[in-house]
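K.L.:
You'll find final.pdb just under this line, and it carries PDB, C-alpha atoms and all ligand atoms.
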ATOM      1  CA  MET F   1      87.472  92.743 102.884  1.00  0.00           C
ATOM      2  CA  LYS F   2      87.467  92.310  99.133  1.00  0.00           C
ATOM      3  CA  ILE F   3      90.484  90.147  98.335  1.00  0.00           C
ATOM      4  CA  GLY F   4      91.845  89.083  94.934  1.00  0.00           C
ATOM      5  CA  ILE F   5      93.348  85.624  94.563  1.00  0.00           C
ATOM      6  CA  GLY F   6      95.391  84.127  91.755  1.00  0.00           C
ATOM      7  CA  ASN F   7      97.109  80.834  91.042  1.00  0.00           C
ATOM      8  CA  ASP F   8      98.564  78.555  88.400  1.00  0.00           C
ATOM      9  CA  HIS F   9      97.957  74.833  87.782  1.00  0.00           C
ATOM     10  CA  ALA F  10     100.206  73.864  90.713  1.00  0.00           C
ATOM     11  CA  ALA F  11      98.020  75.674  93.227  1.00  0.00           C
ATOM     12  CA  ILE F  12      94.385  75.025  92.270  1.00  0.00           C
ATOM     13  CA  ASP F  13      93.524  72.982  95.348  1.00  0.00           C
ATOM     14  CA  MET F  14      95.276  75.339  97.751  1.00  0.00           C
ATOM     15  CA  LYS F  15      93.682  78.376  96.075  1.00  0.00           C
ATOM     16  CA  ASN F  16      90.227  76.868  96.489  1.00  0.00           C
ATOM     17  CA  GLU F  17      90.865  75.947 100.120  1.00  0.00           C
ATOM     18  CA  ILE F  18      92.149  79.416 100.955  1.00  0.00           C
ATOM     19  CA  LYS F  19      89.243  80.976  99.082  1.00  0.00           C
ATOM     20  CA  ALA F  20      86.716  78.913 101.063  1.00  0.00           C
ATOM     21  CA  TYR F  21      88.571  79.680 104.293  1.00  0.00           C
ATOM     22  CA  LEU F  22      88.380  83.419 103.671  1.00  0.00           C
ATOM     23  CA  GLU F  23      84.766  83.324 102.545  1.00  0.00           C
ATOM     24  CA  GLY F  24      83.973  81.432 105.740  1.00  0.00           C
ATOM     25  CA  LYS F  25      85.366  84.420 107.630  1.00  0.00           C
ATOM     26  CA  GLY F  26      83.101  86.792 105.716  1.00  0.00           C
ATOM     27  CA  HIS F  27      85.546  88.098 103.115  1.00  0.00           C
ATOM     28  CA  GLU F  28      84.647  88.539  99.471  1.00  0.00           C
ATOM     29  CA  VAL F  29      87.178  86.751  97.258  1.00  0.00           C
ATOM     30  CA  VAL F  30      87.612  87.555  93.559  1.00  0.00           C
ATOM     31  CA  ASP F  31      89.272  84.709  91.682  1.00  0.00           C
ATOM     32  CA  TYR F  32      91.805  85.739  89.001  1.00  0.00           C
ATOM     33  CA  GLY F  33      93.391  82.298  88.785  1.00  0.00           C
ATOM     34  CA  THR F  34      92.933  79.146  86.778  1.00  0.00           C
ATOM     35  CA  ASN F  35      90.685  76.237  87.696  1.00  0.00           C
ATOM     36  CA  THR F  36      91.782  73.852  84.966  1.00  0.00           C
ATOM     37  CA  ARG F  37      94.552  71.318  85.487  1.00  0.00           C
ATOM     38  CA  ALA F  38      96.270  72.158  82.218  1.00  0.00           C
ATOM     39  CA  SER F  39      99.632  73.877  82.494  1.00  0.00           C
ATOM     40  CA  PHE F  40      98.945  77.566  83.099  1.00  0.00           C
ATOM     41  CA  ASP F  41     101.414  80.444  82.884  1.00  0.00           C
ATOM     42  CA  TYR F  42     101.606  82.024  86.352  1.00  0.00           C
ATOM     43  CA  PRO F  43     102.460  85.547  85.050  1.00  0.00           C
ATOM     44  CA  ILE F  44      98.873  85.838  83.792  1.00  0.00           C
ATOM     45  CA  SER F  45      97.413  85.442  87.281  1.00  0.00           C
ATOM     46  CA  GLY F  46     100.163  87.489  88.928  1.00  0.00           C
ATOM     47  CA  TYR F  47      99.500  90.315  86.496  1.00  0.00           C
ATOM     48  CA  LYS F  48      95.713  90.163  86.947  1.00  0.00           C
ATOM     49  CA  VAL F  49      95.901  90.235  90.741  1.00  0.00           C
ATOM     50  CA  GLY F  50      98.510  93.002  90.598  1.00  0.00           C
ATOM     51  CA  LYS F  51      96.338  95.156  88.327  1.00  0.00           C
ATOM     52  CA  ALA F  52      93.260  94.540  90.489  1.00  0.00           C
ATOM     53  CA  VAL F  53      95.104  95.610  93.645  1.00  0.00           C
ATOM     54  CA  ALA F  54      96.861  98.587  92.062  1.00  0.00           C
ATOM     55  CA  GLY F  55      93.611  99.738  90.448  1.00  0.00           C
ATOM     56  CA  GLY F  56      91.576  99.436  93.640  1.00  0.00           C
ATOM     57  CA  GLU F  57      89.272  96.712  92.304  1.00  0.00           C
ATOM     58  CA  VAL F  58      90.201  94.690  95.392  1.00  0.00           C
ATOM     59  CA  GLU F  59      91.830  95.803  98.652  1.00  0.00           C
ATOM     60  CA  CYS F  60      94.684  93.312  98.609  1.00  0.00           C
ATOM     61  CA  GLY F  61      95.745  90.077  96.928  1.00  0.00           C
ATOM     62  CA  ILE F  62      96.950  86.530  97.443  1.00  0.00           C
ATOM     63  CA  CYS F  63      99.059  84.764  94.796  1.00  0.00           C
ATOM     64  CA  ILE F  64      99.918  81.076  94.880  1.00  0.00           C
ATOM     65  CA  CYS F  65     101.972  79.003  92.440  1.00  0.00           C
ATOM     66  CA  GLY F  66     104.290  76.030  92.975  1.00  0.00           C
ATOM     67  CA  THR F  67     106.873  78.013  94.933  1.00  0.00           C
ATOM     68  CA  GLY F  68     105.132  81.371  95.137  1.00  0.00           C
ATOM     69  CA  VAL F  69     108.214  82.920  93.586  1.00  0.00           C
ATOM     70  CA  GLY F  70     107.294  83.185  89.906  1.00  0.00           C
ATOM     71  CA  ILE F  71     103.854  84.635  90.527  1.00  0.00           C
ATOM     72  CA  SER F  72     105.297  87.158  93.001  1.00  0.00           C
ATOM     73  CA  LEU F  73     107.864  88.291  90.434  1.00  0.00           C
ATOM     74  CA  ALA F  74     105.088  88.870  87.904  1.00  0.00           C
ATOM     75  CA  ALA F  75     102.831  90.736  90.357  1.00  0.00           C
ATOM     76  CA  ASN F  76     105.738  92.942  91.436  1.00  0.00           C
ATOM     77  CA  LYS F  77     106.134  94.236  87.869  1.00  0.00           C
ATOM     78  CA  VAL F  78     102.836  96.111  88.225  1.00  0.00           C
ATOM     79  CA  HIS F  79     103.491  99.636  89.519  1.00  0.00           C
ATOM     80  CA  GLY F  80     102.399 100.109  93.117  1.00  0.00           C
ATOM     81  CA  ILE F  81     102.582  96.434  93.980  1.00  0.00           C
ATOM     82  CA  ARG F  82     104.585  95.103  96.899  1.00  0.00           C
ATOM     83  CA  ALA F  83     104.143  91.343  96.622  1.00  0.00           C
ATOM     84  CA  ALA F  84     105.944  89.368  99.321  1.00  0.00           C
ATOM     85  CA  CYS F  85     106.733  85.684  98.856  1.00  0.00           C
ATOM     86  CA  VAL F  86     106.881  83.974 102.256  1.00  0.00           C
ATOM     87  CA  SER F  87     106.823  80.454 103.651  1.00  0.00           C
ATOM     88  CA  GLU F  88     106.069  81.074 107.321  1.00  0.00           C
ATOM     89  CA  PRO F  89     103.731  83.274 109.381  1.00  0.00           C
ATOM     90  CA  PHE F  90     106.356  85.494 111.054  1.00  0.00           C
ATOM     91  CA  SER F  91     107.491  86.975 107.743  1.00  0.00           C
ATOM     92  CA  ALA F  92     103.871  87.288 106.665  1.00  0.00           C
ATOM     93  CA  ARG F  93     103.118  89.487 109.682  1.00  0.00           C
ATOM     94  CA  LEU F  94     106.304  91.543 109.351  1.00  0.00           C
ATOM     95  CA  THR F  95     105.876  92.148 105.647  1.00  0.00           C
ATOM     96  CA  LYS F  96     102.601  93.919 106.403  1.00  0.00           C
ATOM     97  CA  MET F  97     104.010  95.800 109.425  1.00  0.00           C
ATOM     98  CA  HIS F  98     107.214  96.951 107.741  1.00  0.00           C
ATOM     99  CA  ASN F  99     106.769  96.645 103.964  1.00  0.00           C
ATOM    100  CA  ASN F 100     103.004  97.220 103.780  1.00  0.00           C
ATOM    101  CA  ALA F 101     102.880  94.294 101.345  1.00  0.00           C
ATOM    102  CA  ASN F 102      99.657  94.538  99.381  1.00  0.00           C
ATOM    103  CA  ILE F 103      99.960  91.018  97.963  1.00  0.00           C
ATOM    104  CA  ILE F 104     101.073  87.920  99.860  1.00  0.00           C
ATOM    105  CA  CYS F 105     102.476  84.967  97.909  1.00  0.00           C
ATOM    106  CA  PHE F 106     103.370  81.420  98.883  1.00  0.00           C
ATOM    107  CA  GLY F 107     104.017  78.071  97.285  1.00  0.00           C
ATOM    108  CA  ALA F 108     101.547  75.198  97.189  1.00  0.00           C
ATOM    109  CA  ARG F 109     104.548  72.875  96.830  1.00  0.00           C
ATOM    110  CA  VAL F 110     106.306  74.525  99.773  1.00  0.00           C
ATOM    111  CA  VAL F 111     103.795  74.976 102.579  1.00  0.00           C
ATOM    112  CA  GLY F 112     100.878  72.844 103.751  1.00  0.00           C
ATOM    113  CA  ILE F 113      97.362  74.185 103.930  1.00  0.00           C
ATOM    114  CA  GLU F 114      97.438  74.905 107.689  1.00  0.00           C
ATOM    115  CA  VAL F 115     100.615  76.957 107.412  1.00  0.00           C
ATOM    116  CA  ALA F 116      99.122  78.719 104.378  1.00  0.00           C
ATOM    117  CA  LYS F 117      96.071  79.693 106.459  1.00  0.00           C
ATOM    118  CA  MET F 118      98.329  80.981 109.238  1.00  0.00           C
ATOM    119  CA  ILE F 119     100.297  83.026 106.706  1.00  0.00           C
ATOM    120  CA  VAL F 120      97.095  84.581 105.378  1.00  0.00           C
ATOM    121  CA  ASP F 121      95.742  85.298 108.878  1.00  0.00           C
ATOM    122  CA  GLU F 122      98.952  86.887 110.148  1.00  0.00           C
ATOM    123  CA  TRP F 123      99.237  89.080 107.067  1.00  0.00           C
ATOM    124  CA  LEU F 124      95.572  90.161 107.029  1.00  0.00           C
ATOM    125  CA  ASN F 125      95.462  90.876 110.756  1.00  0.00           C
ATOM    126  CA  ALA F 126      98.743  92.802 110.983  1.00  0.00           C
ATOM    127  CA  GLU F 127      98.823  96.580 110.652  1.00  0.00           C
ATOM    128  CA  TYR F 128     101.307  98.671 108.756  1.00  0.00           C
ATOM    129  CA  GLU F 129     103.462 100.640 111.206  1.00  0.00           C
ATOM    130  CA  GLY F 130     104.379 103.575 108.961  1.00  0.00           C
ATOM    131  CA  GLY F 131     107.046 105.882 110.406  1.00  0.00           C
ATOM    132  CA  ARG F 132     110.582 104.961 109.332  1.00  0.00           C
ATOM    133  CA  HIS F 133     109.179 102.205 107.152  1.00  0.00           C
ATOM    134  CA  GLN F 134     107.406 104.710 104.934  1.00  0.00           C
ATOM    135  CA  ARG F 135     110.742 106.295 103.969  1.00  0.00           C
ATOM    136  CA  ARG F 136     111.960 102.901 102.760  1.00  0.00           C
ATOM    137  CA  ILE F 137     108.759 102.164 100.868  1.00  0.00           C
ATOM    138  CA  ASP F 138     109.075 105.588  99.256  1.00  0.00           C
ATOM    139  CA  MET F 139     112.584 104.576  98.137  1.00  0.00           C
ATOM    140  CA  ILE F 140     111.187 101.421  96.550  1.00  0.00           C
ATOM    141  CA  SER F 141     108.608 103.558  94.735  1.00  0.00           C
ATOM    142  CA  GLU F 142     111.340 105.946  93.595  1.00  0.00           C
ATOM    143  CA  ILE F 143     113.263 103.050  92.037  1.00  0.00           C
ATOM    144  CA  GLU F 144     110.072 101.828  90.403  1.00  0.00           C
ATOM    145  CA  GLN F 145     109.101 105.223  89.002  1.00  0.00           C
ATOM    146  CA  THR F 146     112.510 106.545  87.962  1.00  0.00           C
ATOM    147  CA  GLN F 147     114.884 103.559  87.804  1.00  0.00           C
ATOM    148  CA  HIS F 148     117.049 105.678  90.036  1.00  0.00           C
ATOM    149  CA  LEU F 149     117.565 106.156  93.793  1.00  0.00           C
ATOM    150  CA  LYS F 150     118.864 109.521  94.992  1.00  0.00           C
ATOM    151  CA  ALA F 151     119.866 108.092  98.405  1.00  0.00           C
ATOM    152  CA  ALA F 152     122.274 105.695  96.667  1.00  0.00           C
ATOM    153  CA  GLU F 153     124.236 108.429  94.880  1.00  0.00           C
TER
HETATM  154  C1  LIG U 201     105.098  75.445  87.515  1.00  0.00           C
HETATM  155  O1  LIG U 201     105.626  74.204  87.210  1.00  0.00           O
HETATM  156  C2  LIG U 201     106.033  76.216  88.427  1.00  0.00           C
HETATM  157  O2  LIG U 201     107.132  76.654  87.721  1.00  0.00           O
HETATM  158  C3  LIG U 201     105.300  77.368  89.065  1.00  0.00           C
HETATM  159  O3  LIG U 201     104.188  76.907  89.763  1.00  0.00           O
HETATM  160  C4  LIG U 201     106.075  78.198  90.068  1.00  0.00           C
HETATM  161  O4  LIG U 201     106.690  77.388  91.014  1.00  0.00           O
HETATM  162  C5  LIG U 201     106.991  79.193  89.506  1.00  0.00           C
HETATM  163  O5  LIG U 201     107.632  79.970  90.193  1.00  0.00           O
END
Translate this file's structure into structure tokens.
P.N.:
Amino acid sequence: MKIGIGNDHAAIDMKNEIKAYLEGKGHEVVDYGTNTRASFDYPISGYKVGKAVAGGEVECGICICGTGVGISLAANKVHGIRAACVSEPFSARLTKMHNNANIICFGARVVGIEVAKMIVDEWLNAEYEGGRHQRRIDMISEIEQTQHLKAAE
């Protein structure tokens, strides 16, 4: 797969380890993050990964900052992005199966590298189930597109 990855200054080492891990499995990884230790604003990377995924430049994305939260919030502002911030593998699997998350996010200050690899594996290997879950994803898209949700009237 062609996978985009982004990070801030808090997640350089983890980004590089995850990148090498994925490349070792044969994936192509496009790096939209920073590699300098200077303080770096995570919305820049979250935005770049979000645009790359939404525009089809890459098939999916991984975003890592200190907590994973800030960069996920930024990525989620790009239309068409469902960026899930998780800290364990079960949610990583379920967010693909039920939410069809196209970006997975986690925190370099929250999880260790082995758990991060498990998160990435579970998410990449899971399959979206569709069915009833598509109706809910369509509702999320409706909110995004119209700032309104008919089902909530
Ligand atoms: C940077 O200090 C930190 O705020 C950032 O990595 C992230 O945790 C934000 O959500």
K.L.:
For ligand LIG 201 (chain U), which residue out of F:Lys96, F:His9, F:Lys77, F:Arg37 is the nearest one, using only C-alpha atoms and all ligand atoms?
P.N.:
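Of F:Lys96, F:His9, F:Lys77, F:Arg37, the one nearest ligand LIG 201 (chain U), counting only C-alpha atoms and all ligand atoms, is F:His9.
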K.L.:
Enumerate, in order of chain and increasing residue number, the residues of chain F with an atom no farther than 8 Å from ligand LIG 201 (chain U), each with its shortest atom pair and distance in Å to one decimal, counting only C-alpha atoms and all ligand atoms, as a Markdown table.
P.N.:
| residue | atom | partner | partner_atom | distance |
| --- | --- | --- | --- | --- |
| F:Asp8 | CA | U:LIG201 | O3 | 6.0 |
| F:His9 | CA | U:LIG201 | O3 | 6.9 |
| F:Ala10 | CA | U:LIG201 | O3 | 5.1 |
| F:Ala11 | CA | U:LIG201 | O3 | 7.2 |
| F:Ser39 | CA | U:LIG201 | C1 | 7.6 |
| F:Phe40 | CA | U:LIG201 | C1 | 7.9 |
| F:Asp41 | CA | U:LIG201 | C1 | 7.7 |
| F:Tyr42 | CA | U:LIG201 | C3 | 6.5 |
| F:Ile64 | CA | U:LIG201 | O3 | 7.9 |
| F:Cys65 | CA | U:LIG201 | O3 | 4.1 |
| F:Gly66 | CA | U:LIG201 | O3 | 3.3 |
| F:Thr67 | CA | U:LIG201 | O4 | 4.0 |
| F:Gly68 | CA | U:LIG201 | O5 | 5.7 |
| F:Val69 | CA | U:LIG201 | O5 | 4.5 |
| F:Gly70 | CA | U:LIG201 | O5 | 3.2 |
| F:Ile71 | CA | U:LIG201 | O5 | 6.0 |
| F:Gly107 | CA | U:LIG201 | O4 | 6.9 |
| F:Arg109 | CA | U:LIG201 | O4 | 7.7 |
K.L.:
Please measure the separation of atom CA of His27 of chain F and atom CA of Ile3 of chain F, giving the value in Å to one decimal.
P.N.:
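Going from atom CA of His27 of chain F over to atom CA of Ile3 of chain F covers 7.2 Å.
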K.L.:
Do you know which residues the PyMOL selection byres (((chain F and resi 112) around 12) and not hetatm) returns on this file, as a VMD selection string?
P.N.:
chain F and resid 11 13 to 15 17 to 18 66 to 67 87 to 88 106 to 111 113 to 119
K.L.:
Quick one: everything within 9 Å of Trp123 of chain F, counting only C-alpha atoms, minus sequence neighbours fewer than 5 positions away in the same chain. Send it as a PyMOL selection string.
P.N.:
chain F and resi 89-97+101+104+118
K.L.:
Can you work out the spacing between atom CA of Met139 of chain F and atom CA of Cys63 of chain F in Å, to one decimal?
P.N.:
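Atom CA of Cys63 of chain F lies 24.2 Å from atom CA of Met139 of chain F.
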K.L.:
Quick one, how far is atom CA of Lys2 of chain F from atom CA of Lys51 of chain F?
P.N.:
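Answer for the atom CA of Lys2 of chain F to atom CA of Lys51 of chain F separation: 14.3 Å.
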K.L.:
Extract, using all atoms listed in the file, all DNA, RNA and protein residues at most 10 Å from His79 of chain F, discarding same-chain residues fewer than 2 positions from it, and format them as a PyMOL selection string.
P.N.:
chain F and resi 50-51+54-55+75-77+81-82+141+144-145
K.L.:
Extract, using only C-alpha atoms, all DNA, RNA and protein residues at most 8 Å from Gly26 of chain F, discarding same-chain residues fewer than 3 positions from it, and format them as a PyMOL selection string.
P.N.:
chain F and resi 1+22-23
K.L.:
In terms of the shortest atom-to-atom distance over all atoms listed in the file, which of F:Ser72, F:Thr34, F:Asn102, F:Asn16 is closest to Val58 of chain F?
P.N.:
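Counting all atoms listed in the file, the residue closest to Val58 of chain F is F:Asn102.
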K.L.:
If the PyMOL selection byres (((chain F and resi 133) around 12) and not hetatm) were run on this exact file, what residues would it hold? Put them as a PyMOL selection string.
P.N.:
chain F and resi 94-101+128-132+134-140
K.L.:
Taking all atoms of segment 13-27 of chain F that the file lists, what box with edges along x, y and z, padded by 6 Å per side, do you get, with centre and edge lengths in Å to one decimal, as JSON?
P.N.:
{"center_x": 89.2, "center_y": 80.5, "center_z": 101.5, "size_x": 24.2, "size_y": 27.1, "size_z": 24.3}
K.L.:
Expanded to explicit residues, what is the PyMOL selection byres (((chain F and resi 45) around 7) and not hetatm) for this file, as a PyMOL selection string?
P.N.:
chain F and resi 6-7+32-33+42-44+46-49
